[in-house]
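Shown next: entry-v4.cif, given as mmCIF, N, CA and C atoms and all ligand atoms.
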```
data_my_file
loop_
_atom_site.label_atom_id
_atom_site.label_comp_id
_atom_site.auth_asym_id
_atom_site.auth_seq_id
_atom_site.Cartn_x
_atom_site.Cartn_y
_atom_site.Cartn_z
N MET R 1040 7.68 -21.88 -0.76
CA MET R 1040 6.71 -21.02 -1.46
C MET R 1040 7.44 -19.83 -2.06
N LYS R 1041 7.11 -19.47 -3.25
CA LYS R 1041 7.73 -18.32 -3.92
C LYS R 1041 7.26 -17.05 -3.22
N ARG R 1042 8.17 -16.09 -3.06
CA ARG R 1042 7.82 -14.85 -2.38
C ARG R 1042 7.33 -13.81 -3.38
N VAL R 1043 6.16 -13.24 -3.13
CA VAL R 1043 5.62 -12.24 -4.06
C VAL R 1043 6.15 -10.86 -3.66
N HIS R 1044 6.80 -10.20 -4.60
CA HIS R 1044 7.39 -8.88 -4.35
C HIS R 1044 6.32 -7.81 -4.63
N VAL R 1045 6.05 -6.98 -3.64
CA VAL R 1045 4.94 -6.02 -3.76
C VAL R 1045 5.45 -4.60 -3.50
N ALA R 1046 5.09 -3.68 -4.40
CA ALA R 1046 5.39 -2.26 -4.21
C ALA R 1046 4.19 -1.63 -3.51
N VAL R 1047 4.45 -0.97 -2.36
CA VAL R 1047 3.37 -0.43 -1.54
C VAL R 1047 3.62 1.06 -1.30
N GLY R 1048 2.59 1.88 -1.46
CA GLY R 1048 2.75 3.32 -1.28
C GLY R 1048 2.02 3.86 -0.06
N VAL R 1049 2.78 4.49 0.85
CA VAL R 1049 2.15 5.25 1.93
C VAL R 1049 2.06 6.68 1.40
N ILE R 1050 0.87 7.04 0.94
CA ILE R 1050 0.67 8.32 0.26
C ILE R 1050 0.20 9.36 1.27
N ILE R 1051 0.95 10.44 1.39
CA ILE R 1051 0.67 11.46 2.40
C ILE R 1051 0.37 12.78 1.71
N ASN R 1052 -0.80 13.34 1.99
CA ASN R 1052 -1.18 14.59 1.32
C ASN R 1052 -0.74 15.82 2.14
N ASP R 1053 -1.09 17.01 1.65
CA ASP R 1053 -0.65 18.25 2.29
C ASP R 1053 -1.25 18.43 3.68
N GLU R 1054 -2.35 17.73 3.96
CA GLU R 1054 -2.95 17.80 5.31
C GLU R 1054 -2.40 16.71 6.21
N GLN R 1055 -1.34 16.04 5.78
CA GLN R 1055 -0.71 14.95 6.54
C GLN R 1055 -1.64 13.76 6.72
N LYS R 1056 -2.58 13.60 5.77
CA LYS R 1056 -3.45 12.42 5.82
C LYS R 1056 -2.91 11.36 4.87
N ILE R 1057 -3.22 10.11 5.21
CA ILE R 1057 -2.70 8.95 4.47
C ILE R 1057 -3.84 8.26 3.74
N LEU R 1058 -3.56 7.83 2.51
CA LEU R 1058 -4.60 7.20 1.69
C LEU R 1058 -4.68 5.70 1.96
N LEU R 1059 -5.88 5.27 2.37
CA LEU R 1059 -6.13 3.84 2.56
C LEU R 1059 -7.13 3.37 1.51
N ALA R 1060 -7.04 2.11 1.15
CA ALA R 1060 -8.00 1.50 0.23
C ALA R 1060 -8.44 0.19 0.83
N LYS R 1061 -9.71 -0.14 0.60
CA LYS R 1061 -10.24 -1.39 1.16
C LYS R 1061 -10.10 -2.50 0.13
N ARG R 1062 -9.49 -3.60 0.53
CA ARG R 1062 -9.32 -4.73 -0.39
C ARG R 1062 -10.65 -5.41 -0.63
N HIS R 1063 -10.96 -5.69 -1.89
CA HIS R 1063 -12.20 -6.40 -2.21
C HIS R 1063 -12.23 -7.75 -1.49
N SER R 1064 -13.43 -8.17 -1.11
CA SER R 1064 -13.54 -9.35 -0.24
C SER R 1064 -13.03 -10.63 -0.89
N HIS R 1065 -13.04 -10.71 -2.23
CA HIS R 1065 -12.59 -11.95 -2.88
C HIS R 1065 -11.07 -12.04 -2.98
N LEU R 1066 -10.36 -10.95 -2.68
CA LEU R 1066 -8.90 -10.95 -2.81
C LEU R 1066 -8.23 -11.54 -1.58
N HIS R 1067 -6.95 -11.87 -1.72
CA HIS R 1067 -6.12 -12.27 -0.57
C HIS R 1067 -6.19 -11.16 0.48
N GLN R 1068 -6.45 -11.53 1.75
CA GLN R 1068 -6.59 -10.57 2.84
C GLN R 1068 -7.76 -9.60 2.56
N GLY R 1069 -8.78 -10.13 1.93
CA GLY R 1069 -9.94 -9.34 1.53
C GLY R 1069 -10.69 -8.74 2.71
N GLY R 1070 -11.28 -7.56 2.47
CA GLY R 1070 -12.06 -6.88 3.50
C GLY R 1070 -11.22 -6.00 4.41
N LYS R 1071 -9.90 -6.16 4.33
CA LYS R 1071 -9.04 -5.34 5.18
C LYS R 1071 -8.59 -4.08 4.43
N TRP R 1072 -8.11 -3.13 5.19
CA TRP R 1072 -7.59 -1.89 4.58
C TRP R 1072 -6.14 -2.08 4.20
N GLU R 1073 -5.71 -1.42 3.14
CA GLU R 1073 -4.33 -1.54 2.68
C GLU R 1073 -3.82 -0.19 2.23
N PHE R 1074 -2.53 -0.14 2.04
CA PHE R 1074 -1.92 0.97 1.33
C PHE R 1074 -1.88 0.55 -0.13
N PRO R 1075 -2.32 1.42 -1.03
CA PRO R 1075 -2.38 1.01 -2.44
C PRO R 1075 -1.03 0.50 -2.95
N GLY R 1076 -1.10 -0.41 -3.90
CA GLY R 1076 0.11 -0.99 -4.48
C GLY R 1076 -0.19 -2.33 -5.09
N GLY R 1077 0.86 -3.00 -5.55
CA GLY R 1077 0.65 -4.30 -6.16
C GLY R 1077 1.96 -4.93 -6.57
N LYS R 1078 1.84 -6.05 -7.22
CA LYS R 1078 3.01 -6.86 -7.53
C LYS R 1078 3.99 -6.18 -8.49
N VAL R 1079 5.26 -6.37 -8.20
CA VAL R 1079 6.32 -5.90 -9.09
C VAL R 1079 6.46 -6.94 -10.20
N GLU R 1080 6.25 -6.51 -11.44
CA GLU R 1080 6.35 -7.43 -12.58
C GLU R 1080 7.82 -7.67 -12.92
N ASN R 1081 8.07 -8.74 -13.69
CA ASN R 1081 9.43 -8.97 -14.19
C ASN R 1081 9.83 -7.76 -15.04
N ASN R 1082 11.10 -7.44 -15.04
CA ASN R 1082 11.64 -6.33 -15.83
C ASN R 1082 11.12 -4.97 -15.36
N GLU R 1083 10.71 -4.88 -14.11
CA GLU R 1083 10.21 -3.63 -13.58
C GLU R 1083 10.94 -3.36 -12.26
N THR R 1084 11.30 -2.10 -12.01
CA THR R 1084 11.85 -1.76 -10.70
C THR R 1084 10.68 -1.53 -9.73
N VAL R 1085 11.00 -1.48 -8.43
CA VAL R 1085 9.95 -1.21 -7.44
C VAL R 1085 9.30 0.15 -7.72
N THR R 1086 10.13 1.13 -8.04
CA THR R 1086 9.61 2.47 -8.31
C THR R 1086 8.68 2.48 -9.52
N GLN R 1087 9.06 1.76 -10.57
CA GLN R 1087 8.20 1.68 -11.75
C GLN R 1087 6.88 0.99 -11.41
N ALA R 1088 6.95 -0.05 -10.62
CA ALA R 1088 5.73 -0.77 -10.23
C ALA R 1088 4.83 0.13 -9.39
N LEU R 1089 5.44 0.89 -8.50
CA LEU R 1089 4.67 1.79 -7.63
C LEU R 1089 3.93 2.84 -8.48
N ILE R 1090 4.66 3.45 -9.40
CA ILE R 1090 4.06 4.47 -10.27
C ILE R 1090 2.89 3.86 -11.06
N ARG R 1091 3.11 2.68 -11.63
CA ARG R 1091 2.07 2.02 -12.44
C ARG R 1091 0.85 1.65 -11.58
N GLU R 1092 1.10 1.04 -10.42
CA GLU R 1092 -0.01 0.58 -9.58
C GLU R 1092 -0.82 1.75 -9.01
N LEU R 1093 -0.15 2.84 -8.61
CA LEU R 1093 -0.90 3.95 -8.01
C LEU R 1093 -1.72 4.69 -9.08
N LYS R 1094 -1.26 4.64 -10.32
CA LYS R 1094 -2.06 5.20 -11.41
C LYS R 1094 -3.27 4.29 -11.66
N GLU R 1095 -3.05 2.99 -11.75
CA GLU R 1095 -4.12 2.03 -12.05
C GLU R 1095 -5.17 1.96 -10.94
N GLU R 1096 -4.72 2.00 -9.70
CA GLU R 1096 -5.64 1.74 -8.58
C GLU R 1096 -6.32 2.99 -8.06
N VAL R 1097 -5.58 4.11 -7.95
CA VAL R 1097 -6.15 5.30 -7.29
C VAL R 1097 -5.97 6.59 -8.10
N ASN R 1098 -5.52 6.44 -9.36
CA ASN R 1098 -5.38 7.57 -10.29
C ASN R 1098 -4.50 8.71 -9.76
N LEU R 1099 -3.36 8.34 -9.20
CA LEU R 1099 -2.40 9.36 -8.77
C LEU R 1099 -1.18 9.29 -9.68
N ASP R 1100 -0.62 10.47 -9.98
CA ASP R 1100 0.65 10.55 -10.71
C ASP R 1100 1.76 10.77 -9.70
N VAL R 1101 2.60 9.78 -9.55
CA VAL R 1101 3.68 9.84 -8.56
C VAL R 1101 4.94 10.38 -9.22
N TYR R 1102 5.53 11.40 -8.60
CA TYR R 1102 6.78 11.99 -9.13
C TYR R 1102 8.00 11.51 -8.38
N THR R 1103 7.92 11.47 -7.07
CA THR R 1103 9.06 11.03 -6.25
C THR R 1103 8.54 10.14 -5.13
N SER R 1104 9.32 9.14 -4.79
CA SER R 1104 8.97 8.34 -3.61
C SER R 1104 10.25 8.03 -2.84
N ILE R 1105 10.09 7.81 -1.55
CA ILE R 1105 11.23 7.55 -0.68
C ILE R 1105 11.04 6.19 -0.02
N SER R 1106 12.08 5.37 -0.10
CA SER R 1106 12.03 4.05 0.52
C SER R 1106 11.83 4.19 2.04
N PHE R 1107 10.90 3.44 2.60
CA PHE R 1107 10.51 3.61 4.01
C PHE R 1107 10.76 2.36 4.84
N LEU R 1108 10.41 1.20 4.31
CA LEU R 1108 10.48 -0.04 5.08
C LEU R 1108 10.33 -1.23 4.13
N GLU R 1109 11.02 -2.33 4.47
CA GLU R 1109 10.83 -3.59 3.72
C GLU R 1109 10.40 -4.65 4.72
N ILE R 1110 9.35 -5.37 4.38
CA ILE R 1110 8.83 -6.40 5.29
C ILE R 1110 8.64 -7.70 4.54
N ALA R 1111 9.31 -8.73 5.02
CA ALA R 1111 9.05 -10.08 4.52
C ALA R 1111 8.07 -10.72 5.50
N HIS R 1112 6.95 -11.22 4.99
CA HIS R 1112 5.95 -11.82 5.87
C HIS R 1112 5.40 -13.09 5.22
N ASN R 1113 5.23 -14.10 6.07
CA ASN R 1113 4.68 -15.35 5.56
C ASN R 1113 3.24 -15.54 6.06
N TYR R 1114 2.30 -15.40 5.16
CA TYR R 1114 0.92 -15.81 5.46
C TYR R 1114 0.88 -17.32 5.23
N PRO R 1115 -0.10 -17.99 5.82
CA PRO R 1115 -0.17 -19.45 5.62
C PRO R 1115 -0.25 -19.80 4.12
N ASP R 1116 -0.91 -18.98 3.35
CA ASP R 1116 -1.15 -19.29 1.94
C ASP R 1116 -0.32 -18.46 0.97
N LYS R 1117 0.54 -17.58 1.47
CA LYS R 1117 1.28 -16.69 0.57
C LYS R 1117 2.44 -16.04 1.30
N HIS R 1118 3.61 -15.99 0.65
CA HIS R 1118 4.76 -15.30 1.22
C HIS R 1118 4.96 -14.00 0.46
N VAL R 1119 5.06 -12.91 1.18
CA VAL R 1119 5.18 -11.60 0.51
C VAL R 1119 6.44 -10.86 0.97
N LEU R 1120 6.95 -10.03 0.07
CA LEU R 1120 7.98 -9.05 0.43
C LEU R 1120 7.40 -7.69 0.08
N LEU R 1121 7.08 -6.93 1.11
CA LEU R 1121 6.48 -5.61 0.89
C LEU R 1121 7.60 -4.58 0.85
N ASP R 1122 7.68 -3.84 -0.24
CA ASP R 1122 8.65 -2.76 -0.42
C ASP R 1122 7.86 -1.47 -0.28
N ILE R 1123 7.93 -0.87 0.91
CA ILE R 1123 7.04 0.25 1.22
C ILE R 1123 7.75 1.57 0.98
N HIS R 1124 7.13 2.44 0.21
CA HIS R 1124 7.68 3.76 -0.08
C HIS R 1124 6.74 4.85 0.44
N LEU R 1125 7.34 5.95 0.88
CA LEU R 1125 6.55 7.14 1.22
C LEU R 1125 6.38 7.96 -0.05
N VAL R 1126 5.16 8.43 -0.27
CA VAL R 1126 4.87 9.23 -1.46
C VAL R 1126 4.23 10.54 -1.02
N LYS R 1127 4.98 11.63 -1.19
CA LYS R 1127 4.44 12.95 -0.85
C LYS R 1127 4.36 13.84 -2.08
N ASP R 1128 5.12 13.47 -3.11
CA ASP R 1128 5.23 14.27 -4.33
C ASP R 1128 4.40 13.61 -5.43
N PHE R 1129 3.14 14.04 -5.52
CA PHE R 1129 2.23 13.42 -6.49
C PHE R 1129 1.16 14.41 -6.91
N ASP R 1130 0.47 14.11 -8.00
CA ASP R 1130 -0.69 14.87 -8.43
C ASP R 1130 -1.91 13.97 -8.40
N GLY R 1131 -3.07 14.57 -8.09
CA GLY R 1131 -4.31 13.81 -8.09
C GLY R 1131 -4.98 13.87 -6.74
N ILE R 1132 -6.26 13.50 -6.71
CA ILE R 1132 -7.02 13.59 -5.46
C ILE R 1132 -7.24 12.22 -4.83
N GLY R 1133 -6.97 11.16 -5.60
CA GLY R 1133 -7.21 9.80 -5.10
C GLY R 1133 -8.61 9.35 -5.47
N GLU R 1134 -8.70 8.31 -6.30
CA GLU R 1134 -9.99 7.76 -6.73
C GLU R 1134 -9.90 6.25 -6.70
N GLY R 1135 -10.95 5.59 -6.30
CA GLY R 1135 -10.95 4.13 -6.30
C GLY R 1135 -11.29 3.61 -7.68
N LEU R 1136 -10.30 3.51 -8.55
CA LEU R 1136 -10.56 3.14 -9.95
C LEU R 1136 -10.98 1.69 -10.10
N GLU R 1137 -10.77 0.89 -9.07
CA GLU R 1137 -11.19 -0.52 -9.13
C GLU R 1137 -12.43 -0.74 -8.27
N ASN R 1138 -13.18 0.36 -8.09
CA ASN R 1138 -14.41 0.35 -7.27
C ASN R 1138 -14.15 -0.02 -5.82
N GLN R 1139 -12.95 0.17 -5.39
CA GLN R 1139 -12.64 -0.07 -3.98
C GLN R 1139 -12.93 1.20 -3.18
N GLU R 1140 -13.30 1.02 -1.92
CA GLU R 1140 -13.52 2.15 -1.03
C GLU R 1140 -12.16 2.76 -0.70
N ILE R 1141 -12.06 4.07 -0.72
CA ILE R 1141 -10.80 4.70 -0.31
C ILE R 1141 -11.09 5.77 0.75
N LYS R 1142 -10.06 6.14 1.48
CA LYS R 1142 -10.22 7.06 2.59
C LYS R 1142 -8.90 7.74 2.92
N TRP R 1143 -8.92 9.06 3.15
CA TRP R 1143 -7.74 9.76 3.65
C TRP R 1143 -7.88 9.83 5.17
N VAL R 1144 -6.91 9.32 5.90
CA VAL R 1144 -7.04 9.28 7.36
C VAL R 1144 -5.82 9.88 8.06
N GLU R 1145 -6.07 10.45 9.23
CA GLU R 1145 -5.01 10.97 10.08
C GLU R 1145 -4.16 9.80 10.58
N VAL R 1146 -2.88 10.05 10.75
CA VAL R 1146 -1.99 9.00 11.27
C VAL R 1146 -2.50 8.48 12.61
N SER R 1147 -2.96 9.41 13.44
CA SER R 1147 -3.43 9.02 14.78
C SER R 1147 -4.67 8.13 14.74
N ALA R 1148 -5.34 8.07 13.59
CA ALA R 1148 -6.55 7.25 13.47
C ALA R 1148 -6.28 5.87 12.86
N LEU R 1149 -5.02 5.63 12.48
CA LEU R 1149 -4.71 4.37 11.78
C LEU R 1149 -5.05 3.13 12.61
N SER R 1150 -4.94 3.27 13.94
CA SER R 1150 -5.18 2.11 14.80
C SER R 1150 -6.65 1.66 14.77
N GLN R 1151 -7.52 2.49 14.22
CA GLN R 1151 -8.94 2.13 14.15
C GLN R 1151 -9.28 1.24 12.95
N TYR R 1152 -8.29 0.98 12.08
CA TYR R 1152 -8.55 0.23 10.87
C TYR R 1152 -7.90 -1.15 10.95
N GLU R 1153 -8.55 -2.11 10.31
CA GLU R 1153 -7.97 -3.46 10.29
C GLU R 1153 -7.13 -3.65 9.04
N PHE R 1154 -5.85 -3.98 9.24
CA PHE R 1154 -4.89 -4.16 8.15
C PHE R 1154 -4.46 -5.63 8.09
N PRO R 1155 -3.87 -6.04 6.94
CA PRO R 1155 -3.25 -7.36 6.91
C PRO R 1155 -2.13 -7.40 7.96
N GLU R 1156 -1.89 -8.60 8.49
CA GLU R 1156 -0.92 -8.75 9.58
C GLU R 1156 0.47 -8.20 9.23
N ALA R 1157 0.87 -8.34 7.98
CA ALA R 1157 2.20 -7.87 7.55
C ALA R 1157 2.36 -6.36 7.73
N ASN R 1158 1.25 -5.64 7.83
CA ASN R 1158 1.31 -4.18 7.89
C ASN R 1158 1.57 -3.62 9.28
N ILE R 1159 1.54 -4.46 10.30
CA ILE R 1159 1.66 -3.95 11.67
C ILE R 1159 2.92 -3.09 11.88
N PRO R 1160 4.11 -3.54 11.38
CA PRO R 1160 5.30 -2.69 11.55
C PRO R 1160 5.20 -1.34 10.82
N ILE R 1161 4.45 -1.31 9.73
CA ILE R 1161 4.29 -0.04 8.99
C ILE R 1161 3.51 0.95 9.85
N ILE R 1162 2.42 0.46 10.42
CA ILE R 1162 1.56 1.32 11.24
C ILE R 1162 2.35 1.83 12.44
N LYS R 1163 3.12 0.93 13.07
CA LYS R 1163 3.91 1.32 14.24
C LYS R 1163 4.92 2.39 13.87
N LYS R 1164 5.63 2.20 12.76
CA LYS R 1164 6.66 3.16 12.36
C LYS R 1164 6.03 4.52 12.02
N LEU R 1165 4.92 4.51 11.33
CA LEU R 1165 4.25 5.77 10.99
C LEU R 1165 3.81 6.50 12.25
N MET R 1166 3.25 5.76 13.20
CA MET R 1166 2.74 6.40 14.42
C MET R 1166 3.90 6.96 15.25
N ASN R 1167 5.04 6.26 15.24
CA ASN R 1167 6.21 6.74 15.99
C ASN R 1167 6.83 7.97 15.34
N GLU R 1168 6.91 7.96 14.03
CA GLU R 1168 7.65 9.02 13.34
C GLU R 1168 6.82 10.26 13.07
N MET R 1169 5.52 10.13 13.03
CA MET R 1169 4.70 11.29 12.67
C MET R 1169 3.94 11.87 13.87
N ILE R 1170 4.25 11.33 15.02
CA ILE R 1170 3.66 11.73 16.31
C ILE R 1170 2.13 11.64 16.37
N1 LIG D 1201 -1.19 -3.47 -1.98
C1 LIG D 1201 -0.98 -3.97 -0.78
N2 LIG D 1201 -0.77 -5.32 -0.65
C2 LIG D 1201 -0.56 -5.78 0.60
C3 LIG D 1201 -0.53 -4.92 1.75
N3 LIG D 1201 -0.30 -5.69 2.86
C4 LIG D 1201 -0.20 -6.98 2.44
O1 LIG D 1201 0.02 -7.95 3.15
N4 LIG D 1201 -0.36 -7.04 1.05
C5 LIG D 1201 -0.34 -8.28 0.25
O2 LIG D 1201 0.44 -8.13 -0.91
C6 LIG D 1201 -0.06 -8.98 -1.96
C7 LIG D 1201 -0.07 -8.31 -3.34
O3 LIG D 1201 -0.98 -7.25 -3.43
P1 LIG D 1201 -2.10 -7.02 -4.56
O4 LIG D 1201 -3.22 -7.98 -4.41
O5 LIG D 1201 -2.40 -5.58 -4.41
O6 LIG D 1201 -1.42 -7.29 -5.96
P2 LIG D 1201 -1.88 -6.64 -7.33
O7 LIG D 1201 -2.42 -5.26 -7.11
O8 LIG D 1201 -0.69 -6.77 -8.24
O9 LIG D 1201 -3.10 -7.47 -7.80
P3 LIG D 1201 -3.29 -8.79 -8.61
O10 LIG D 1201 -3.51 -9.83 -7.54
O11 LIG D 1201 -4.52 -8.54 -9.40
O12 LIG D 1201 -2.07 -9.03 -9.44
C8 LIG D 1201 -1.41 -9.47 -1.51
O13 LIG D 1201 -1.26 -10.82 -1.16
C9 LIG D 1201 -1.72 -8.65 -0.26
O14 LIG D 1201 -2.45 -9.41 0.67
C10 LIG D 1201 -0.74 -3.52 1.59
O15 LIG D 1201 -0.73 -2.71 2.52
N5 LIG D 1201 -0.95 -3.11 0.31
MG MG D 1202 -3.13 -4.00 -5.56
#
```

Transcribe the structure of this file into structure tokens.
Ligand SMILES: Nc1nc2c([nH]c(=O)n2[C@@H]2O[C@H](COP(=O)(O)OP(=O)(O)OP(=O)(O)O)[C@@H](O)[C@H]2O)c(=O)[nH]1
Ligand SMILES: [Mg+2]
Amino acid sequence: MKRVHVAVGVIINDEQKILLAKRHSHLHQGGKWEFPGGKVENNETVTQALIRELKEEVNLDVYTSISFLEIAHNYPDKHVLLDIHLVKDFDGIGEGLENQEIKWVEVSALSQYEFPEANIPIIKKLMNEMI
């Protein structure tokens, strides 16, 4: 199976809250919460994809991002490579431009949300590093 390369943003605001978005039910891993992002197109770097996707999905202007974690995960129906970046340097308040529900949540509250299975190491690393 071809591996889908995905740029994913862990967006952290000045109150140390993280932006989550709910995946529409008809999508792959639908109904679960995600970190905004999407597929890296041909001729695009991960950073370019991240900037484009965060503008399209949640109306944020990203200025700087820091590489945080890479996860290769095989779902039964899809193989993904998640390229996860931390985003602290951005403008905007966060809006669900695709009519998706969005939420700013404390790191300590992340365990209360259901994420795609590939995200488990992200949640663990965030909880370890941000206390
Ligand atoms: N954005 C995002 N995708 C994730 C996460 N975790 C995870 O397994 N994925 C998977 O990564 C894949 C690509 O994400 P996507 O559906 O956002 O892609 P996209 O925005 O380019 O949308 P598209 O399908 O309309 O092209 C999906 O199969 C999704 O299930 C996550 O935290 N954020
Ligand atoms: Mg997306």

Pick from R:Ile1057, R:Leu1120, R:Ile1105, R:Tyr1114 nearest to Pro1075 (chain R), counting only C-alpha atoms: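 Among the listed residues, R:Ile1057 lies closest to Pro1075 (chain R).
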
From a DSSP pass on the backbone, collect the residues of chain R flagged as alpha helix (DSSP H) and hand them back as a PDB file with N, CA and C atoms, in the frame of the given file.
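For reference, out.pdb as written:
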```pdb
ATOM      1  N   VAL R1085      11.000  -1.480  -8.430  1.00  0.00           N
ATOM      2  CA  VAL R1085       9.950  -1.210  -7.440  1.00  0.00           C
ATOM      3  C   VAL R1085       9.300   0.150  -7.720  1.00  0.00           C
ATOM      4  N   THR R1086      10.130   1.130  -8.040  1.00  0.00           N
ATOM      5  CA  THR R1086       9.610   2.470  -8.310  1.00  0.00           C
ATOM      6  C   THR R1086       8.680   2.480  -9.520  1.00  0.00           C
ATOM      7  N   GLN R1087       9.060   1.760 -10.570  1.00  0.00           N
ATOM      8  CA  GLN R1087       8.200   1.680 -11.750  1.00  0.00           C
ATOM      9  C   GLN R1087       6.880   0.990 -11.410  1.00  0.00           C
ATOM     10  N   ALA R1088       6.950  -0.050 -10.620  1.00  0.00           N
ATOM     11  CA  ALA R1088       5.730  -0.770 -10.230  1.00  0.00           C
ATOM     12  C   ALA R1088       4.830   0.130  -9.390  1.00  0.00           C
ATOM     13  N   LEU R1089       5.440   0.890  -8.500  1.00  0.00           N
ATOM     14  CA  LEU R1089       4.670   1.790  -7.630  1.00  0.00           C
ATOM     15  C   LEU R1089       3.930   2.840  -8.480  1.00  0.00           C
ATOM     16  N   ILE R1090       4.660   3.450  -9.400  1.00  0.00           N
ATOM     17  CA  ILE R1090       4.060   4.470 -10.270  1.00  0.00           C
ATOM     18  C   ILE R1090       2.890   3.860 -11.060  1.00  0.00           C
ATOM     19  N   ARG R1091       3.110   2.680 -11.630  1.00  0.00           N
ATOM     20  CA  ARG R1091       2.070   2.020 -12.440  1.00  0.00           C
ATOM     21  C   ARG R1091       0.850   1.650 -11.580  1.00  0.00           C
ATOM     22  N   GLU R1092       1.100   1.040 -10.420  1.00  0.00           N
ATOM     23  CA  GLU R1092      -0.010   0.580  -9.580  1.00  0.00           C
ATOM     24  C   GLU R1092      -0.820   1.750  -9.010  1.00  0.00           C
ATOM     25  N   LEU R1093      -0.150   2.840  -8.610  1.00  0.00           N
ATOM     26  CA  LEU R1093      -0.900   3.950  -8.010  1.00  0.00           C
ATOM     27  C   LEU R1093      -1.720   4.690  -9.080  1.00  0.00           C
ATOM     28  N   LYS R1094      -1.260   4.640 -10.320  1.00  0.00           N
ATOM     29  CA  LYS R1094      -2.060   5.200 -11.410  1.00  0.00           C
ATOM     30  C   LYS R1094      -3.270   4.290 -11.660  1.00  0.00           C
ATOM     31  N   GLU R1095      -3.050   2.990 -11.750  1.00  0.00           N
ATOM     32  CA  GLU R1095      -4.120   2.030 -12.050  1.00  0.00           C
ATOM     33  C   GLU R1095      -5.170   1.960 -10.940  1.00  0.00           C
ATOM     34  N   GLU R1096      -4.720   2.000  -9.700  1.00  0.00           N
ATOM     35  CA  GLU R1096      -5.640   1.740  -8.580  1.00  0.00           C
ATOM     36  C   GLU R1096      -6.320   2.990  -8.060  1.00  0.00           C
ATOM     37  N   VAL R1097      -5.580   4.110  -7.950  1.00  0.00           N
ATOM     38  CA  VAL R1097      -6.150   5.300  -7.290  1.00  0.00           C
ATOM     39  C   VAL R1097      -5.970   6.590  -8.100  1.00  0.00           C
ATOM     40  N   ILE R1159       1.540  -4.460  10.300  1.00  0.00           N
ATOM     41  CA  ILE R1159       1.660  -3.950  11.670  1.00  0.00           C
ATOM     42  C   ILE R1159       2.920  -3.090  11.880  1.00  0.00           C
ATOM     43  N   PRO R1160       4.110  -3.540  11.380  1.00  0.00           N
ATOM     44  CA  PRO R1160       5.300  -2.690  11.550  1.00  0.00           C
ATOM     45  C   PRO R1160       5.200  -1.340  10.820  1.00  0.00           C
ATOM     46  N   ILE R1161       4.450  -1.310   9.730  1.00  0.00           N
ATOM     47  CA  ILE R1161       4.290  -0.040   8.990  1.00  0.00           C
ATOM     48  C   ILE R1161       3.510   0.950   9.850  1.00  0.00           C
ATOM     49  N   ILE R1162       2.420   0.460  10.420  1.00  0.00           N
ATOM     50  CA  ILE R1162       1.560   1.320  11.240  1.00  0.00           C
ATOM     51  C   ILE R1162       2.350   1.830  12.440  1.00  0.00           C
ATOM     52  N   LYS R1163       3.120   0.930  13.070  1.00  0.00           N
ATOM     53  CA  LYS R1163       3.910   1.320  14.240  1.00  0.00           C
ATOM     54  C   LYS R1163       4.920   2.390  13.870  1.00  0.00           C
ATOM     55  N   LYS R1164       5.630   2.200  12.760  1.00  0.00           N
ATOM     56  CA  LYS R1164       6.660   3.160  12.360  1.00  0.00           C
ATOM     57  C   LYS R1164       6.030   4.520  12.020  1.00  0.00           C
ATOM     58  N   LEU R1165       4.920   4.510  11.330  1.00  0.00           N
ATOM     59  CA  LEU R1165       4.250   5.770  10.990  1.00  0.00           C
ATOM     60  C   LEU R1165       3.810   6.500  12.250  1.00  0.00           C
ATOM     61  N   MET R1166       3.250   5.760  13.200  1.00  0.00           N
ATOM     62  CA  MET R1166       2.740   6.400  14.420  1.00  0.00           C
ATOM     63  C   MET R1166       3.900   6.960  15.250  1.00  0.00           C
ATOM     64  N   ASN R1167       5.040   6.260  15.240  1.00  0.00           N
ATOM     65  CA  ASN R1167       6.210   6.740  15.990  1.00  0.00           C
ATOM     66  C   ASN R1167       6.830   7.970  15.340  1.00  0.00           C
ATOM     67  N   GLU R1168       6.910   7.960  14.030  1.00  0.00           N
ATOM     68  CA  GLU R1168       7.650   9.020  13.340  1.00  0.00           C
ATOM     69  C   GLU R1168       6.820  10.260  13.070  1.00  0.00           C
TER      70      GLU R1168
END
```

Expected answer as a list in words: residues within 6 Å of ligand MG 1202 (chain D), all atoms listed in the file: Pro1075, Gly1076, Gly1077 and Lys1078 of chain R

Two-atom distance - atom N of Met1040 (chain R), atom N of Glu1083 (chain R) (Å): 21.8 Å

For region 1116-1119 of chain R: contacts at 8 Å, all atoms listed in the file, fewer than 5 positions along chain excluded, given as a PyMOL selection string: chain R and resi 1040-1045+1110-1111

Write out as an mmCIF file with N, CA and C atoms, in the frame of the given file each polymer residue whose atoms come within 6.5 Å of Glu1096 (chain R), counting only N, CA and C atoms; drop sequence neighbours fewer than 3 positions from it.
```
data_model
loop_
_atom_site.group_PDB
_atom_site.id
_atom_site.type_symbol
_atom_site.label_atom_id
_atom_site.label_comp_id
_atom_site.auth_asym_id
_atom_site.auth_seq_id
_atom_site.Cartn_x
_atom_site.Cartn_y
_atom_site.Cartn_z
ATOM 1 N N ARG R 1091 3.110 2.680 -11.630
ATOM 2 C CA ARG R 1091 2.070 2.020 -12.440
ATOM 3 C C ARG R 1091 0.850 1.650 -11.580
ATOM 4 N N GLU R 1092 1.100 1.040 -10.420
ATOM 5 C CA GLU R 1092 -0.010 0.580 -9.580
ATOM 6 C C GLU R 1092 -0.820 1.750 -9.010
ATOM 7 N N LEU R 1093 -0.150 2.840 -8.610
ATOM 8 C CA LEU R 1093 -0.900 3.950 -8.010
ATOM 9 C C LEU R 1093 -1.720 4.690 -9.080
ATOM 10 N N LEU R 1099 -3.360 8.340 -9.200
ATOM 11 C CA LEU R 1099 -2.400 9.360 -8.770
ATOM 12 C C LEU R 1099 -1.180 9.290 -9.680
ATOM 13 N N GLU R 1134 -8.700 8.310 -6.300
ATOM 14 C CA GLU R 1134 -9.990 7.760 -6.730
ATOM 15 C C GLU R 1134 -9.900 6.250 -6.700
ATOM 16 N N GLY R 1135 -10.950 5.590 -6.300
ATOM 17 C CA GLY R 1135 -10.950 4.130 -6.300
ATOM 18 C C GLY R 1135 -11.290 3.610 -7.680
ATOM 19 N N LEU R 1136 -10.300 3.510 -8.550
ATOM 20 C CA LEU R 1136 -10.560 3.140 -9.950
ATOM 21 C C LEU R 1136 -10.980 1.690 -10.100
ATOM 22 N N GLU R 1137 -10.770 0.890 -9.070
ATOM 23 C CA GLU R 1137 -11.190 -0.520 -9.130
ATOM 24 C C GLU R 1137 -12.430 -0.740 -8.270
#
```
